[in-house]
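Student: Have a peek at coords_37.tsv (TSV, C-alpha atoms and all ligand atoms).
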```
chain	number	residue	atom	x	y	z
P	1	MET	CA	153.86	-13.21	145.52
P	2	ARG	CA	153.09	-9.55	146.09
P	3	LEU	CA	149.84	-8.88	147.91
P	4	ILE	CA	147.90	-6.01	149.38
P	5	PHE	CA	145.53	-6.71	152.28
P	6	LEU	CA	142.62	-4.30	152.34
P	7	GLY	CA	139.98	-4.52	155.01
P	8	PRO	CA	138.09	-2.81	157.82
P	9	PRO	CA	139.16	-2.87	161.47
P	10	GLY	CA	138.16	-6.16	163.10
P	11	ALA	CA	138.35	-8.18	159.86
P	12	GLY	CA	141.37	-10.14	161.09
P	13	LYS	CA	143.93	-8.91	158.55
P	14	GLY	CA	146.79	-9.01	161.04
P	15	THR	CA	146.11	-12.61	162.11
P	16	GLN	CA	145.81	-13.79	158.51
P	17	ALA	CA	148.95	-11.87	157.48
P	18	VAL	CA	150.99	-13.75	160.09
P	19	PHE	CA	149.82	-17.08	158.68
P	20	VAL	CA	150.37	-16.20	154.98
P	21	LYS	CA	153.74	-14.65	155.76
P	22	LYS	CA	154.97	-17.81	157.50
P	23	THR	CA	153.64	-20.20	154.87
P	24	TYR	CA	155.05	-18.37	151.84
P	25	GLY	CA	158.09	-16.61	153.32
P	26	LEU	CA	156.76	-13.15	152.56
P	27	ALA	CA	157.62	-9.89	154.29
P	28	HIS	CA	154.73	-8.26	156.17
P	29	ILE	CA	154.97	-4.54	155.56
P	30	SER	CA	152.92	-2.13	157.60
P	31	THR	CA	153.54	1.52	156.79
P	32	GLY	CA	153.13	2.46	160.45
P	33	ASP	CA	156.05	0.17	161.33
P	34	ILE	CA	158.25	1.54	158.51
P	35	LEU	CA	157.53	5.11	159.55
P	36	ARG	CA	158.39	4.42	163.19
P	37	ALA	CA	161.59	2.57	162.23
P	38	GLN	CA	162.82	5.35	159.92
P	39	VAL	CA	162.08	8.04	162.49
P	40	LYS	CA	163.87	6.04	165.19
P	41	GLN	CA	166.92	5.42	162.97
P	42	GLU	CA	166.93	9.13	162.06
P	43	THR	CA	167.31	8.47	158.32
P	44	GLU	CA	166.87	11.39	155.91
P	45	LEU	CA	163.35	10.19	155.06
P	46	GLY	CA	162.66	9.64	158.75
P	47	LYS	CA	163.71	13.20	159.61
P	48	THR	CA	161.55	14.61	156.82
P	49	ALA	CA	158.57	12.55	157.97
P	50	LYS	CA	159.07	13.59	161.58
P	51	GLY	CA	159.02	17.24	160.53
P	52	TYR	CA	155.52	16.79	159.12
P	53	MET	CA	154.29	14.72	162.05
P	54	ASP	CA	155.61	17.21	164.61
P	55	ALA	CA	153.73	19.95	162.76
P	56	GLY	CA	150.57	17.82	163.00
P	57	LYS	CA	150.50	17.27	159.24
P	58	LEU	CA	150.08	14.13	157.17
P	59	VAL	CA	153.32	12.73	155.78
P	60	PRO	CA	153.16	13.41	152.00
P	61	ASP	CA	152.87	10.53	149.53
P	62	ASP	CA	156.32	11.00	147.99
P	63	VAL	CA	157.96	10.57	151.41
P	64	ILE	CA	155.94	7.42	152.15
P	65	ILE	CA	156.65	6.04	148.67
P	66	GLY	CA	160.37	6.71	149.21
P	67	MET	CA	160.23	4.65	152.40
P	68	ILE	CA	158.38	1.84	150.69
P	69	ARG	CA	160.90	1.82	147.83
P	70	GLU	CA	163.70	1.29	150.36
P	71	ARG	CA	161.76	-1.32	152.29
P	72	LEU	CA	160.94	-3.36	149.16
P	73	GLY	CA	164.64	-3.48	148.33
P	74	GLU	CA	165.42	-5.31	151.58
P	75	GLU	CA	166.36	-8.96	151.56
P	76	ASP	CA	163.26	-10.34	153.25
P	77	CYS	CA	161.13	-9.05	150.35
P	78	ALA	CA	162.85	-11.36	147.84
P	79	LYS	CA	160.00	-13.88	147.84
P	80	GLY	CA	157.37	-11.19	147.97
P	81	PHE	CA	155.41	-9.17	150.47
P	82	ILE	CA	152.08	-8.35	152.05
P	83	LEU	CA	151.37	-4.64	152.20
P	84	ASP	CA	149.06	-3.75	155.06
P	85	GLY	CA	147.74	-0.20	155.56
P	86	PHE	CA	149.05	1.07	152.21
P	87	PRO	CA	147.92	2.33	149.75
P	88	ARG	CA	145.02	4.26	151.29
P	89	THR	CA	144.16	6.41	148.28
P	90	VAL	CA	144.07	6.04	144.48
P	91	PRO	CA	147.05	8.41	143.93
P	92	GLN	CA	149.07	6.24	146.35
P	93	ALA	CA	147.99	3.12	144.45
P	94	VAL	CA	149.10	4.67	141.16
P	95	ALA	CA	152.45	5.67	142.68
P	96	LEU	CA	152.91	2.14	144.02
P	97	ALA	CA	152.21	0.64	140.58
P	98	GLU	CA	154.84	2.94	139.06
P	99	LEU	CA	157.34	2.07	141.76
P	100	LEU	CA	156.86	-1.67	141.22
P	101	LYS	CA	157.11	-1.23	137.47
P	102	SER	CA	160.43	0.58	137.87
P	103	MET	CA	161.63	-2.45	139.86
P	104	GLY	CA	160.40	-4.83	137.14
P	105	ARG	CA	157.69	-6.14	139.44
P	106	HIS	CA	153.92	-6.16	139.62
P	107	LEU	CA	151.21	-6.87	142.16
P	108	THR	CA	149.84	-10.41	142.29
P	109	ALA	CA	146.51	-9.46	143.85
P	110	VAL	CA	144.68	-7.17	146.22
P	111	ILE	CA	142.76	-9.17	148.80
P	112	CYS	CA	139.73	-7.32	150.05
P	113	PHE	CA	138.44	-8.58	153.41
P	114	ASP	CA	134.64	-8.34	153.44
P	115	ALA	CA	132.58	-8.62	156.61
P	116	ALA	CA	129.17	-7.38	157.71
P	117	ASP	CA	129.27	-4.32	159.97
P	118	ASP	CA	127.32	-6.14	162.68
P	119	LEU	CA	129.93	-8.89	162.86
P	120	LEU	CA	132.78	-6.38	163.08
P	121	VAL	CA	130.90	-4.44	165.76
P	122	GLU	CA	130.34	-7.66	167.72
P	123	ARG	CA	134.03	-8.55	167.49
P	124	LEU	CA	135.33	-5.12	168.35
P	125	SER	CA	132.81	-3.99	170.95
P	126	GLY	CA	133.18	-7.25	172.86
P	127	ARG	CA	136.76	-6.41	173.65
P	128	ARG	CA	137.64	-5.93	177.32
P	129	THR	CA	140.99	-4.79	178.60
P	130	CYS	CA	142.45	-5.44	182.05
P	131	ARG	CA	142.91	-2.16	183.89
P	132	ASN	CA	145.85	-3.68	185.74
P	133	CYS	CA	148.00	-5.64	183.27
P	134	GLY	CA	146.52	-4.75	179.87
P	135	ALA	CA	145.49	-8.34	178.98
P	136	ILE	CA	142.80	-8.39	176.28
P	137	TYR	CA	139.64	-10.52	176.31
P	138	ASN	CA	136.51	-10.73	174.20
P	139	VAL	CA	133.13	-11.41	175.79
P	140	SER	CA	132.05	-13.49	172.75
P	141	PHE	CA	135.23	-15.11	171.49
P	142	HIS	CA	137.70	-15.18	174.38
P	143	PRO	CA	135.85	-14.55	177.64
P	144	PRO	CA	137.60	-14.53	181.02
P	145	GLU	CA	136.74	-17.40	183.36
P	146	LYS	CA	134.99	-15.05	185.76
P	147	GLU	CA	132.95	-12.18	184.30
P	148	ASN	CA	134.83	-8.87	184.28
P	149	VAL	CA	137.83	-10.29	186.13
P	150	CYS	CA	141.26	-10.78	184.54
P	151	ASP	CA	142.39	-14.43	184.43
P	152	ALA	CA	146.03	-13.40	184.59
P	153	CYS	CA	146.09	-10.99	187.52
P	154	GLY	CA	142.57	-10.75	188.98
P	155	GLY	CA	142.31	-7.10	187.96
P	156	PRO	CA	139.05	-5.47	186.81
P	157	LEU	CA	138.23	-5.48	183.07
P	158	MET	CA	137.04	-2.38	181.27
P	159	GLN	CA	135.81	-1.37	177.82
P	160	ARG	CA	138.06	1.23	176.23
P	161	ASP	CA	136.38	4.24	174.59
P	162	ASP	CA	137.72	3.07	171.19
P	163	ASP	CA	135.76	-0.17	171.61
P	164	ARG	CA	132.35	1.47	172.14
P	165	GLU	CA	129.73	0.61	169.51
P	166	ASP	CA	129.12	4.19	168.31
P	167	VAL	CA	132.86	4.83	167.96
P	168	ILE	CA	133.30	1.57	166.03
P	169	ARG	CA	130.37	2.27	163.68
P	170	ASN	CA	131.89	5.66	162.92
P	171	ARG	CA	135.32	4.11	162.19
P	172	LEU	CA	133.67	1.63	159.82
P	173	ARG	CA	131.84	4.46	158.03
P	174	VAL	CA	135.08	6.41	157.57
P	175	TYR	CA	136.86	3.27	156.36
P	176	LYS	CA	134.21	2.63	153.70
P	177	GLU	CA	134.23	6.22	152.46
P	178	GLN	CA	138.02	6.24	152.20
P	179	THR	CA	138.49	2.86	150.57
P	180	ALA	CA	135.55	2.74	148.13
P	181	PRO	CA	137.52	4.54	145.35
P	182	LEU	CA	140.53	2.29	145.98
P	183	ILE	CA	138.42	-0.86	145.70
P	184	GLU	CA	136.96	0.43	142.42
P	185	TYR	CA	140.45	1.20	141.12
P	186	TYR	CA	141.77	-2.29	141.82
P	187	GLU	CA	138.60	-3.85	140.43
P	188	ARG	CA	139.20	-1.97	137.16
P	189	GLU	CA	142.82	-3.13	137.19
P	190	GLY	CA	141.59	-6.71	137.50
P	191	LEU	CA	143.55	-7.25	140.71
P	192	LEU	CA	140.79	-7.35	143.31
P	193	ARG	CA	139.96	-10.65	145.02
P	194	ARG	CA	137.27	-10.72	147.68
P	195	PHE	CA	137.53	-12.78	150.84
P	196	ASP	CA	134.63	-13.39	153.22
P	197	ALA	CA	136.24	-12.48	156.54
P	198	GLY	CA	133.14	-13.63	158.41
P	199	GLY	CA	133.42	-17.17	157.08
P	200	ALA	CA	135.91	-19.97	157.65
P	201	PRO	CA	139.55	-18.82	157.77
P	202	ASP	CA	140.38	-21.79	155.49
P	203	SER	CA	138.89	-19.97	152.51
P	204	LEU	CA	141.77	-17.45	152.58
P	205	VAL	CA	144.27	-20.29	152.67
P	206	ALA	CA	142.67	-21.70	149.50
P	207	LEU	CA	142.61	-18.30	147.79
P	208	VAL	CA	146.28	-17.60	148.56
P	209	ALA	CA	147.29	-21.09	147.41
P	210	GLU	CA	145.50	-20.45	144.13
P	211	LEU	CA	147.31	-17.10	143.72
P	212	ALA	CA	150.66	-18.68	144.55
P	213	GLY	CA	150.06	-21.32	141.87
P	214	LYS	CA	149.35	-18.67	139.24
P	215	ASP	CA	152.18	-16.35	140.23
P	216	ASP	CA	154.78	-16.22	137.49
P	217	ALA	CA	157.42	-14.15	139.25
P	301	ZN	ZN	145.19	-8.42	184.27
```
As a first step, turn the structure in this file into structure tokens.
Tutor:
Amino acid sequence: MRLIFLGPPGAGKGTQAVFVKKTYGLAHISTGDILRAQVKQETELGKTAKGYMDAGKLVPDDVIIGMIRERLGEEDCAKGFILDGFPRTVPQAVALAELLKSMGRHLTAVICFDAADDLLVERLSGRRTCRNCGAIYNVSFHPPEKENVCDACGGPLMQRDDDREDVIRNRLRVYKEQTAPLIEYYEREGLLRRFDAGGAPDSLVALVAELAGKDDA
């Protein structure tokens, strides 16, 4: 099963990926992780990527695709994978389709995590971080026993700038602008499956089970 997880910050992609990965023996591939690993191992692709990053430039698509090609050839991808954070643009999606085709593979589905902005804002803006030990709480979903005090070390909790409502709303706006063409592309390709990330987590389990049943590869 070869999946792409597409969704805004706060939609719970990471948590769901861990579950799906374990259940179906898939590799969870985040491009950020690949990039860091290649740079650390000083591979040719890693050195090229680092050159761009050091110059404050975006790493070009062909370099990223090269890294993904290598990653997909690794053993843990034999049963399939979940791609998280890639592709971000239509040209990247087209390049990915070509890469998979050259490997005799195809995507099973693109799972689009849908959630209302207000819910995402509630989830993300409720986050509090311990100034002392870095433990993370959420005023709505995982509150500390005593308001604004860390359960683990007694340190004071704070709201990071990234977790402020105006910053979050802006991130969500940027996400939508960037991914709208990608969602349209996958819809046209007949690969898009929507998942209500604000509902019961069980509904993703059912969707993935259905996809696994249909998967021919
Ligand atoms: Zn603490």
Student: Which is closer to ligand ZN 301 (chain P) than all the others in P:Tyr175, P:Tyr137, P:Phe195, P:Tyr186, using all atoms listed in the file?
Tutor: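 Going through P:Tyr175, P:Tyr137, P:Phe195, P:Tyr186 one by one, the smallest distance to ligand ZN 301 (chain P) is for P:Tyr137.
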Student: Kindly compile the residues surrounding ligand ZN 301 (chain P) within 7 Å, counting all atoms listed in the file, and format them as a PyMOL selection string.
Tutor: chain P and resi 130-135+150-155
Student: Those same residues - C-alpha atoms - I'd like them written as a short mmCIF file (atom, residue, chain, number, x, y, z; two decimals), in the coordinates of the input.
Tutor:
```cif
data_model
loop_
_atom_site.label_atom_id
_atom_site.label_comp_id
_atom_site.auth_asym_id
_atom_site.auth_seq_id
_atom_site.Cartn_x
_atom_site.Cartn_y
_atom_site.Cartn_z
CA CYS P 130 142.45 -5.44 182.05
CA ARG P 131 142.91 -2.16 183.89
CA ASN P 132 145.85 -3.68 185.74
CA CYS P 133 148.00 -5.64 183.27
CA GLY P 134 146.52 -4.75 179.87
CA ALA P 135 145.49 -8.34 178.98
CA CYS P 150 141.26 -10.78 184.54
CA ASP P 151 142.39 -14.43 184.43
CA ALA P 152 146.03 -13.40 184.59
CA CYS P 153 146.09 -10.99 187.52
CA GLY P 154 142.57 -10.75 188.98
CA GLY P 155 142.31 -7.10 187.96
#
```
Student: I'd like the contact shell of P:Glu184 - 12 Å cut-off, only C-alpha atoms, skipping same-chain residues fewer than 5 positions apart - returned as a ChimeraX atom specification.
Tutor: /P:89-90,93,110,112,176-179,189-193
Student: Using only C-alpha atoms, pick whichever of P:Arg128, P:Lys40, P:Lys101, P:His28 has the shortest atom-to-atom distance to P:Phe86.
Tutor: P:His28
Student: Nearest residue to P:Val94 out of P:Val39, P:Val18, P:Leu182, P:Val59, using only C-alpha atoms?
Tutor: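 Closest candidate: P:Leu182.
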Student: Would you please work out which residue, of P:Met103, P:Met1, P:Ala180, P:Val139, is nearest to P:Tyr24 when using only C-alpha atoms?
Tutor: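 Looking at the shortest contact to P:Tyr24, the residue is P:Met1.
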Student: For the point (153.4, -8.2, 142.1) in the file's frame, write as number ranges by chain all residues with an atom no more than 9 Å away, counting only C-alpha atoms.
Tutor: P: 1-3, 80-81, 100, 105-109, 215, 217
Student: Within 8 Å of (156.3, 13.9, 152.0) in the file's own coordinates, which protein, DNA or RNA residues have an atom, counting all atoms listed in the file? List them as a list in words.
Tutor: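 Nearby residues: Thr48, Ala49, Tyr52, Val59, Pro60, Asp61, Asp62, Val63 and Ile64 of chain P.
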Student: In Å, how far is it from atom CA of P:Lys22 to atom CA of P:Leu120?
Tutor: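 Rounded to one decimal, the two atoms are 25.6 Å apart.
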Student: Residues within 12 Å of P:Leu124, please, as a PyMOL selection string. Count all atoms listed in the file; anything in the same chain fewer than 2 positions from it doesn't count.
Tutor: chain P and resi 8-12+117-122+126-129+136-142+159-169+171-172
Student: Between P:Lys50, P:Ser30, P:Ile111, P:Ala200, single out the one closest to P:Glu187, counting only C-alpha atoms.
Tutor: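 Among P:Lys50, P:Ser30, P:Ile111, P:Ala200, it is P:Ile111 that comes nearest to P:Glu187.
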Student: What is the atom CA of P:Asp54-atom CA of P:Ile68 distance in Å, reported with one decimal?
Tutor: 20.9 Å
Student: What is the distance between atom CA of P:Ser203 and atom CA of P:Ser125, in Å to one decimal?
Tutor: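 These atoms are spaced 25.1 Å apart.
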Student: Counting only C-alpha atoms, which residue out of P:Tyr185, P:Met158, P:Gly56, P:Glu74 sits closest to P:Arg88?
Tutor: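 Looking at the shortest contact to P:Arg88, the residue is P:Tyr185.
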Student: Please fill the gaps in stretch 110-121 of chain P so it has all heavy atoms, and write that as an mmCIF file, keeping the file's coordinate frame.
Tutor:
```cif
data_model
loop_
_atom_site.group_PDB
_atom_site.id
_atom_site.type_symbol
_atom_site.label_atom_id
_atom_site.label_comp_id
_atom_site.auth_asym_id
_atom_site.auth_seq_id
_atom_site.Cartn_x
_atom_site.Cartn_y
_atom_site.Cartn_z
ATOM 1 N N VAL P 110 145.106 -7.967 145.078
ATOM 2 C CA VAL P 110 144.680 -7.170 146.220
ATOM 3 C C VAL P 110 143.553 -7.946 146.886
ATOM 4 O O VAL P 110 142.522 -8.202 146.257
ATOM 5 C CB VAL P 110 144.181 -5.784 145.757
ATOM 6 C CG1 VAL P 110 143.649 -4.975 146.938
ATOM 7 C CG2 VAL P 110 145.297 -5.034 145.039
ATOM 8 N N ILE P 111 143.777 -8.376 148.123
ATOM 9 C CA ILE P 111 142.760 -9.170 148.800
ATOM 10 C C ILE P 111 141.922 -8.265 149.687
ATOM 11 O O ILE P 111 142.430 -7.631 150.611
ATOM 12 C CB ILE P 111 143.394 -10.309 149.623
ATOM 13 C CG1 ILE P 111 144.168 -11.240 148.667
ATOM 14 C CG2 ILE P 111 142.316 -11.078 150.383
ATOM 15 C CD1 ILE P 111 144.805 -12.432 149.330
ATOM 16 N N CYS P 112 140.645 -8.198 149.332
ATOM 17 C CA CYS P 112 139.730 -7.320 150.050
ATOM 18 C C CYS P 112 138.951 -8.156 151.065
ATOM 19 O O CYS P 112 138.219 -9.073 150.700
ATOM 20 C CB CYS P 112 138.786 -6.672 149.037
ATOM 21 S SG CYS P 112 137.588 -5.599 149.780
ATOM 22 N N PHE P 113 139.118 -7.862 152.336
ATOM 23 C CA PHE P 113 138.440 -8.580 153.410
ATOM 24 C C PHE P 113 137.035 -7.994 153.580
ATOM 25 O O PHE P 113 136.890 -6.837 153.958
ATOM 26 C CB PHE P 113 139.197 -8.420 154.734
ATOM 27 C CG PHE P 113 140.475 -9.213 154.820
ATOM 28 C CD1 PHE P 113 141.495 -9.009 153.917
ATOM 29 C CD2 PHE P 113 140.653 -10.148 155.822
ATOM 30 C CE1 PHE P 113 142.684 -9.735 153.994
ATOM 31 C CE2 PHE P 113 141.834 -10.883 155.920
ATOM 32 C CZ PHE P 113 142.844 -10.672 155.006
ATOM 33 N N ASP P 114 136.021 -8.805 153.296
ATOM 34 C CA ASP P 114 134.640 -8.340 153.440
ATOM 35 C C ASP P 114 134.031 -8.936 154.710
ATOM 36 O O ASP P 114 134.199 -10.122 154.974
ATOM 37 C CB ASP P 114 133.783 -8.829 152.262
ATOM 38 C CG ASP P 114 134.110 -8.081 150.981
ATOM 39 O OD1 ASP P 114 134.396 -6.874 151.059
ATOM 40 O OD2 ASP P 114 134.072 -8.711 149.908
ATOM 41 N N ALA P 115 133.317 -8.090 155.454
ATOM 42 C CA ALA P 115 132.580 -8.620 156.610
ATOM 43 C C ALA P 115 131.438 -7.668 156.912
ATOM 44 O O ALA P 115 131.558 -6.458 156.696
ATOM 45 C CB ALA P 115 133.491 -8.741 157.821
ATOM 46 N N ALA P 116 130.318 -8.213 157.372
ATOM 47 C CA ALA P 116 129.170 -7.380 157.710
ATOM 48 C C ALA P 116 129.515 -6.496 158.902
ATOM 49 O O ALA P 116 130.223 -6.928 159.818
ATOM 50 C CB ALA P 116 127.978 -8.266 158.036
ATOM 51 N N ASP P 117 129.009 -5.259 158.874
ATOM 52 C CA ASP P 117 129.270 -4.320 159.970
ATOM 53 C C ASP P 117 128.913 -4.923 161.325
ATOM 54 O O ASP P 117 129.649 -4.773 162.293
ATOM 55 C CB ASP P 117 128.459 -3.033 159.774
ATOM 56 C CG ASP P 117 129.142 -2.081 158.797
ATOM 57 O OD1 ASP P 117 130.174 -2.465 158.217
ATOM 58 O OD2 ASP P 117 128.628 -0.960 158.622
ATOM 59 N N ASP P 118 127.765 -5.611 161.381
ATOM 60 C CA ASP P 118 127.320 -6.140 162.680
ATOM 61 C C ASP P 118 128.326 -7.128 163.264
ATOM 62 O O ASP P 118 128.548 -7.154 164.465
ATOM 63 C CB ASP P 118 125.945 -6.829 162.538
ATOM 64 C CG ASP P 118 124.832 -5.788 162.371
ATOM 65 O OD1 ASP P 118 125.104 -4.597 162.644
ATOM 66 O OD2 ASP P 118 123.728 -6.162 161.961
ATOM 67 N N LEU P 119 128.929 -7.922 162.391
ATOM 68 C CA LEU P 119 129.930 -8.890 162.860
ATOM 69 C C LEU P 119 131.167 -8.159 163.396
ATOM 70 O O LEU P 119 131.698 -8.490 164.458
ATOM 71 C CB LEU P 119 130.322 -9.832 161.721
ATOM 72 C CG LEU P 119 131.436 -10.815 162.080
ATOM 73 C CD1 LEU P 119 130.911 -11.907 162.996
ATOM 74 C CD2 LEU P 119 132.063 -11.418 160.844
ATOM 75 N N LEU P 120 131.596 -7.135 162.653
ATOM 76 C CA LEU P 120 132.780 -6.380 163.080
ATOM 77 C C LEU P 120 132.495 -5.667 164.402
ATOM 78 O O LEU P 120 133.345 -5.638 165.290
ATOM 79 C CB LEU P 120 133.173 -5.356 161.997
ATOM 80 C CG LEU P 120 133.567 -5.970 160.653
ATOM 81 C CD1 LEU P 120 133.758 -4.888 159.602
ATOM 82 C CD2 LEU P 120 134.849 -6.792 160.787
ATOM 83 N N VAL P 121 131.269 -5.130 164.519
ATOM 84 C CA VAL P 121 130.900 -4.440 165.760
ATOM 85 C C VAL P 121 130.907 -5.440 166.913
ATOM 86 O O VAL P 121 131.419 -5.155 167.998
ATOM 87 C CB VAL P 121 129.518 -3.750 165.620
ATOM 88 C CG1 VAL P 121 129.006 -3.290 166.972
ATOM 89 C CG2 VAL P 121 129.608 -2.572 164.654
#
```
